[in-house]
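Each remark here refers to the structure printed beneath this line.
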Amino acid sequence: MTATEVKKLQKGGAFLLEETVPDSVFSPEDFSDELKMIGQTTKDFCENEVIPNIPKLEKMEPGLNEELLRKLGDIGLLGIEIPEEYGGTDLPKTAAMLIAEEMAVLGGFSTTYGAHQSIGSLPTVYFGNAAQKEKYLPKLNTAEIIAAYALTEPNAGSDALGGQCKAVLSDDGKYYTLDGTKMWITNAGFADLFTVFARVDGQKEKFSAFLVERGYEGVSTGAEEHKMGIKSSSTRMLILDKVKVPVENLLGEVGQGAKIAFNILNTGRFKLGAGGLGGAKNALAIAAKYSQERKQFGQPIANFGMMQEKLGEMAARIFACESVIYRTAGLIDDAIGDKKDGASKLKCIEEYAVECSMIKVLGSEVLSYVVDEGVQIHGGYGFSAEYAIERAYRDARIMRLYEGTNEINRMLIPSMLIKRAMKGELPLMQAAQGVQQKVMDASLEEQNDGGLLGEELRAVRNLKNVVLMLAGTAAMKFGPKLDAEQELMARIADILMNLYASESAILRTRKLNARGLDTSVMEEMTKLYTHDAVERSAVAGRDAICRMTDNEQEIAVFIGALKRFTRHATVNTITLRRSIAQKVLAVTGYPVEA
Ligand SMILES: Cc1cc2nc3c(=O)[nH]c(=O)nc-3n(C[C@H](O)[C@H](O)[C@H](O)COP(=O)(O)OP(=O)(O)OC[C@H]3O[C@@H](n4cnc5c(N)ncnc54)[C@H](O)[C@@H]3O)c2cc1C
């Protein structure tokens, strides 16, 4: 089977059930010259326009965010997902990921950018009618008008559909009157166009989206929130007091609000993960540099084993995360192909909703880990606002909270997989039944096929068996009550992320090695990451088994199978981290160049 044929078969969630050919996996090494240029343009913009302005941005100098957005419009970085007929460039999703990654040097401005370019503009791109697109998209493309997305309410956060904001159609059918309050709205301080979600006639099933202009009478915003981080971004309440919104500004149809809200959040999640990746690479470079400059006991702290251990671990997690993100971006772009209409594109992104949720959790948690260890490497200076790592640490914290908290995304990962299986889109249950035999029969071992990182690939195949064993048993034991087993679902989600990230790193390394590239540091990072991913999965698997049954015989069978499925070759993790750290220090940052 050729790589192209394999690509066509790879549906969302299929990584769990199918073997993937290394050459079919997209990675940063496959970036086209055009893509590299887009990445460089974004990097240059950040170096010339964002970084020198950080002190002013962090103090929210009036007009600066808007000015920078307009400059981004001038160089074509706002319209990357806007169709060409409305002045955009309609680039592949890989480009959107790369831009999000590069933009992450300042958490606050990348939030401003994301709120405008992504969740603010995309509702109109994907759900607007011709007149709405005509009216708003060319102006969003240049930041002549700035966008915001208003879903959350004071009493409706994770339970977004529980919002009370109400819309009532006028007797003459010409306008809706909107009343309510939205909370935590990014860009609210200066946005001109809000996508607002409200219940028509207060009815949940009529949850709908509206394009609300700032100039409409009755629209106002609260004071700026005093936030822990991303201080340069504007976050305010949006207050709607008897706002008359023309019927022409209903987005999509009455009752389509949930579809719009969740699809837009889904498209935002993978870019948010890419932002986490960019932030983590930046923090690693900052920490590596500091470790070389700071001397204690007569030598740079970079010489100390425990400092190297941190740098090595940071790089390995970043590598796995990067491999997952671009593998998935490649899958989405392949699925989109030359489709131009918004509905077909959205369907392709939705196909990979499980992967998008995994990317959101992985990207935000790798970032959290890296900034935390980055502060530790700085010692007391990391606690000082004089140092960039302090801001990076504070800015990172929001990533686990918005676009669906990581708890909500951990629930979504297995439940969306199971839903796909129930709809007949993924033969998950058949595969789970197949694994039962492997659970009972110790002779049905996964084999090491002997290639590069063969032992790691064998370990990943076994982790797939763990997920199938747990998911199959959980579905049988709890049936429709499975959703209430949140801790169990979260553990299945964690094992899925462990295996998807490990497999992505393995396949990428194999692919590049076969191309004749020097992959020695990638091999080290993959070995280290996979080793620990298997260890973490063993603990999660044990917890899950004990929750599913208290029958001692059953526990013994499952734990026996889990032990076999998580058996792996001994790896010298201390030496690996030291070795990776040397490569980090040699380039003062992430040791892989695309
Ligand atoms: C700086 C910032 C910018 C933001 N920008 C925007 C924006 O532009 N537009 C917008 O609409 N919103 C925005 N938000 C809102 C953001 O998306 C919400 O804060 C987020 O969805 C969580 O909602 P909440 O804060 O009400 O927390 P809650 O939903 O109250 O959650 C509190 C805790 O309970 C957990 N929890 C909740 N439900 C469950 C469950 N079913 N199972 C298990 N655990 C659960 C959560 O994971 C969390 O740990 C922003 C928020 C911040 C802080």
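Residues are referred to by chain and number: the chain letter is A, B, ... according to the order shown in the structure tokens, the number counts from 1 in that chain, and ligands are numbered separately from 1 in the order shown.
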>> Distance limit 7 Å, reference ligand 1, atoms considered: only C-alpha atoms and all ligand atoms. Which residues make the cut? Give them as a ChimeraX atom specification.
In response: /A:115,148-152,154-159,183-186,227,235,398,401-408
Pull C-alpha atoms from the residues just selected and write them as a JSON list (two decimals), in the first residue's frame.
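Result written to selection_29.json:
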```json
[["chain", "number", "residue", "atom", "x", "y", "z"],
["A", 115, "ALA", "CA", -9.72, 36.03, 19.40],
["A", 148, "ALA", "CA", -14.73, 38.95, 19.48],
["A", 149, "TYR", "CA", -16.56, 35.77, 20.43],
["A", 150, "ALA", "CA", -19.11, 36.01, 23.22],
["A", 151, "LEU", "CA", -20.33, 32.65, 24.50],
["A", 152, "THR", "CA", -19.46, 32.51, 28.22],
["A", 154, "PRO", "CA", -21.29, 34.66, 34.55],
["A", 155, "ASN", "CA", -23.24, 31.47, 35.34],
["A", 156, "ALA", "CA", -22.50, 29.49, 32.19],
["A", 157, "GLY", "CA", -18.84, 28.59, 31.57],
["A", 158, "SER", "CA", -18.18, 24.93, 30.82],
["A", 159, "ASP", "CA", -21.94, 24.50, 30.60],
["A", 183, "MET", "CA", -18.32, 37.23, 30.76],
["A", 184, "TRP", "CA", -14.57, 37.06, 30.03],
["A", 185, "ILE", "CA", -14.81, 38.35, 26.47],
["A", 186, "THR", "CA", -11.38, 38.69, 24.87],
["A", 227, "LYS", "CA", -5.83, 39.07, 35.32],
["A", 235, "THR", "CA", -10.94, 40.91, 28.78],
["A", 398, "ILE", "CA", -4.89, 30.38, 31.06],
["A", 401, "LEU", "CA", -8.76, 26.92, 31.17],
["A", 402, "TYR", "CA", -10.17, 28.38, 27.98],
["A", 403, "GLU", "CA", -11.50, 26.82, 24.74],
["A", 404, "GLY", "CA", -12.90, 24.04, 26.96],
["A", 405, "THR", "CA", -11.09, 23.37, 30.23],
["A", 406, "ASN", "CA", -8.71, 20.41, 30.14],
["A", 407, "GLU", "CA", -11.21, 18.47, 32.26],
["A", 408, "ILE", "CA", -13.94, 19.04, 29.68]]
```
>> Using DSSP assignments from the backbone, pull out every residue in stretch 83-148 of chain A that falls under alpha helix (DSSP H) and give it to me as a PyMOL selection string.
In response: chain A and resi 93-102+107-114+122-127+130-142
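For A:Gly257, the non-local neighbours within 6 Å, defined as residues at least 3 positions apart in the same chain or in other chains and counting only C-alpha atoms, are Phe207, Ser208, Ala209, Ile260 and Ala261 of chain A.
Nearest residue to A:Ile286, choosing from A:His531, A:Lys477, A:Arg391, A:Arg214 and counting only C-alpha atoms: A:Arg391.
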> Which of these residues is nearest to A:Phe26, using only C-alpha atoms: A:Glu445, A:Glu322, A:Glu365, A:Glu456?
Replying inline: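 The answer is A:Glu322, which sits nearest to A:Phe26.
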>> Residues near stretch 40-54 of chain A, anyone? I mean within 7 Å using only C-alpha atoms, not counting same-chain ones fewer than 4 positions away, as a VMD selection string.
In response: chain A and resid 36 58 99 102 to 103
>> Could you tell me how far atom CA of A:Glu373 sits from atom CA of A:Asp543, in Å to one decimal place?
In response: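 Calculated distance between atom CA of A:Asp543 and atom CA of A:Glu373 is 27.5 Å.
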> Suppose you want the space between atom CA of A:Leu426 and atom CA of A:Asp30; what is it in Å?
Replying inline: 28.7 Å
>> So the first atom is atom CA of A:Asn551 and the second is atom CA of A:Ala484; what is the distance between them in Å, to one decimal place?
In response: 21.0 Å
>> as a PyMOL selection string, please: every residue in stretch 116-344 of chain A that DSSP puts in strand (DSSP E or B).
In response: chain A and resi 147-150+153+156+166-169+175-186+193-200+207-213+219-221+235-246+250-251+295-296+299-300
